[in-house]
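A.B. asks: Mind looking over this structure? Questions follow.
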Amino acid sequence: MQERQTKQKSIIYDALKALDHPTATEVYGYVREQYPTVSRATVFRVLGGFADNGKALELRAAGSEVRYDYNVTPHYHARCECCGRVADVKTAGLDEKVLRATADHGFSVRGYSVEFFGVCKDCQEGVS
Ligand SMILES: [Zn+2]
Ligand SMILES: [Zn+2]
C-alpha cells in the first residue's frame, strides 16, 4: 500500500511537471491516460499534499479553478482572463527592487506571488 502511494505520488508529480500550471482536473486527465486506476480523489488529495509540503504552489484566483505549479521558487505569473491559462513571466531585476521597497516598509518578506492578468496570445488570435 505504501509503495503504491509513493508510485502514485511520483506519477502525479511527473504530470505536474509535464503540464503547464495545470488544474487538478487536467492533472487527473493526464494521469488517467496512463494509469486508469488512479482516482480523481487521489489526484486532488496528492496535489493538496504537495502544496502543504511546499512541493508545489497553489495558484488561486477568484472564479477559476486552482492551478498548481511544481516550480516553488518565487516567480511571476501571467493569467489569461479568457481561458484561465497561467504562464511564467521571466524577468530579471524587478525582484530586488520590489523586495527592497517592501523592506523599506519594515516588513520582513518570506516570499511573494505576483500575477499579471490579461489575454493570452491564443485568445487574442481567436484560437481556443
Ligand atoms: Zn487565453
Ligand atoms: Zn509558474
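In the C-alpha cells, the first chain shown is A, the next is B, and so on; residue numbers restart at 1 for each chain, and ligands run from 1 in the order shown.
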Please write out the residues within 6 Å of ligand 1 as a ChimeraX atom specification, counting only C-alpha atoms and all ligand atoms.
C.D. replies: /A:80,82-83,85,119-120,122-123
A.B. asks: Counting only C-alpha atoms, what is within 8 Å of A:Ile12, bar same-chain residues fewer than 2 positions away, as a ChimeraX atom specification?
C.D. replies: /A:8-10,14-16,27,31,43,46-47
A.B. asks: What are the nearest atom pairs, with distances in Å to one decimal, for all residues of chain A that come at most 9 Å from ligand 2, using only C-alpha atoms and all ligand atoms, set out by chain and rising residue number as JSON lines?
C.D. replies:
```
{"residue": "A:Asp20", "atom": "CA", "partner": "ligand 2", "partner_atom_place_in_ligand_line": "1 (Zn)", "distance": 8.0}
{"residue": "A:His21", "atom": "CA", "partner": "ligand 2", "partner_atom_place_in_ligand_line": "1 (Zn)", "distance": 6.4}
{"residue": "A:Leu57", "atom": "CA", "partner": "ligand 2", "partner_atom_place_in_ligand_line": "1 (Zn)", "distance": 8.1}
{"residue": "A:Leu59", "atom": "CA", "partner": "ligand 2", "partner_atom_place_in_ligand_line": "1 (Zn)", "distance": 8.7}
{"residue": "A:Tyr68", "atom": "CA", "partner": "ligand 2", "partner_atom_place_in_ligand_line": "1 (Zn)", "distance": 8.2}
{"residue": "A:Asp69", "atom": "CA", "partner": "ligand 2", "partner_atom_place_in_ligand_line": "1 (Zn)", "distance": 5.4}
{"residue": "A:Tyr70", "atom": "CA", "partner": "ligand 2", "partner_atom_place_in_ligand_line": "1 (Zn)", "distance": 7.5}
{"residue": "A:Asn71", "atom": "CA", "partner": "ligand 2", "partner_atom_place_in_ligand_line": "1 (Zn)", "distance": 5.9}
{"residue": "A:Val72", "atom": "CA", "partner": "ligand 2", "partner_atom_place_in_ligand_line": "1 (Zn)", "distance": 7.8}
{"residue": "A:Thr73", "atom": "CA", "partner": "ligand 2", "partner_atom_place_in_ligand_line": "1 (Zn)", "distance": 8.7}
{"residue": "A:Pro74", "atom": "CA", "partner": "ligand 2", "partner_atom_place_in_ligand_line": "1 (Zn)", "distance": 8.4}
{"residue": "A:His75", "atom": "CA", "partner": "ligand 2", "partner_atom_place_in_ligand_line": "1 (Zn)", "distance": 6.4}
{"residue": "A:Tyr76", "atom": "CA", "partner": "ligand 2", "partner_atom_place_in_ligand_line": "1 (Zn)", "distance": 6.8}
{"residue": "A:His77", "atom": "CA", "partner": "ligand 2", "partner_atom_place_in_ligand_line": "1 (Zn)", "distance": 5.9}
{"residue": "A:Ala78", "atom": "CA", "partner": "ligand 2", "partner_atom_place_in_ligand_line": "1 (Zn)", "distance": 8.8}
{"residue": "A:Val86", "atom": "CA", "partner": "ligand 2", "partner_atom_place_in_ligand_line": "1 (Zn)", "distance": 7.4}
{"residue": "A:Ala87", "atom": "CA", "partner": "ligand 2", "partner_atom_place_in_ligand_line": "1 (Zn)", "distance": 6.2}
{"residue": "A:Asp88", "atom": "CA", "partner": "ligand 2", "partner_atom_place_in_ligand_line": "1 (Zn)", "distance": 4.7}
{"residue": "A:Val89", "atom": "CA", "partner": "ligand 2", "partner_atom_place_in_ligand_line": "1 (Zn)", "distance": 7.8}
```
A.B. asks: Generate a file of the selected residues that holds N, CA and C atoms, formatted as a compact mmCIF listing (two decimals), in the first residue's frame.
C.D. replies:
```
# COMPACT_ATOMS: atom_id res chain seq x y z
N ASP A 20 1.61 22.56 -18.04
CA ASP A 20 1.98 23.93 -17.72
C ASP A 20 0.95 24.55 -16.77
N HIS A 21 1.30 24.63 -15.49
CA HIS A 21 0.39 25.20 -14.49
C HIS A 21 -1.02 24.60 -14.59
N LEU A 57 3.21 24.96 -5.75
CA LEU A 57 2.49 26.19 -5.43
C LEU A 57 1.03 26.02 -5.83
N LEU A 59 -2.03 28.11 -7.11
CA LEU A 59 -2.34 29.42 -7.68
C LEU A 59 -3.85 29.60 -7.68
N TYR A 68 -1.82 24.42 -10.25
CA TYR A 68 -0.65 24.00 -9.49
C TYR A 68 0.62 24.24 -10.29
N ASP A 69 1.69 24.54 -9.57
CA ASP A 69 2.97 24.84 -10.19
C ASP A 69 4.04 24.09 -9.40
N TYR A 70 4.81 23.26 -10.11
CA TYR A 70 5.86 22.50 -9.42
C TYR A 70 7.05 23.39 -9.09
N ASN A 71 7.15 24.52 -9.79
CA ASN A 71 8.26 25.45 -9.56
C ASN A 71 7.93 26.33 -8.34
N VAL A 72 8.54 26.00 -7.20
CA VAL A 72 8.19 26.69 -5.97
C VAL A 72 9.09 27.89 -5.66
N THR A 73 10.08 28.11 -6.52
CA THR A 73 10.89 29.31 -6.30
C THR A 73 10.05 30.51 -6.75
N PRO A 74 10.15 31.63 -6.01
CA PRO A 74 9.30 32.77 -6.34
C PRO A 74 9.48 33.22 -7.79
N HIS A 75 8.39 33.35 -8.50
CA HIS A 75 8.45 33.87 -9.85
C HIS A 75 7.10 34.51 -10.19
N TYR A 76 7.09 35.23 -11.29
CA TYR A 76 5.89 35.95 -11.69
C TYR A 76 5.01 35.12 -12.61
N HIS A 77 3.73 35.38 -12.56
CA HIS A 77 2.79 34.69 -13.42
C HIS A 77 1.95 35.66 -14.22
N ALA A 78 1.52 35.20 -15.37
CA ALA A 78 0.54 35.94 -16.16
C ALA A 78 -0.65 35.03 -16.36
N VAL A 86 -2.26 29.90 -17.19
CA VAL A 86 -1.25 30.65 -16.44
C VAL A 86 0.12 30.36 -17.04
N ALA A 87 0.90 31.39 -17.27
CA ALA A 87 2.24 31.22 -17.81
C ALA A 87 3.24 31.91 -16.91
N ASP A 88 4.48 31.44 -16.95
CA ASP A 88 5.53 32.10 -16.19
C ASP A 88 5.99 33.35 -16.93
N VAL A 89 6.31 34.37 -16.18
CA VAL A 89 6.88 35.58 -16.75
C VAL A 89 8.33 35.62 -16.32
```
A.B. asks: Quote the spacing between atom CA of A:Arg45 and atom CA of A:Gln5 in Å to one decimal place.
C.D. replies: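 Interatomic distance, atom CA of A:Arg45 to atom CA of A:Gln5: 11.4 Å.
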A.B. asks: With only C-alpha atoms as the basis for distance, which of A:Ser39, A:Thr25, A:Ser108, A:Gln34 is at the shortest distance from A:Glu65?
C.D. replies: A:Thr25
A.B. asks: Give the strand (DSSP E) residues of stretch 8-101 of chain A, as DSSP finds them on the backbone, and put them as a PyMOL selection string.
C.D. replies: chain A and resi 57-61+64-69+76-80+86-89
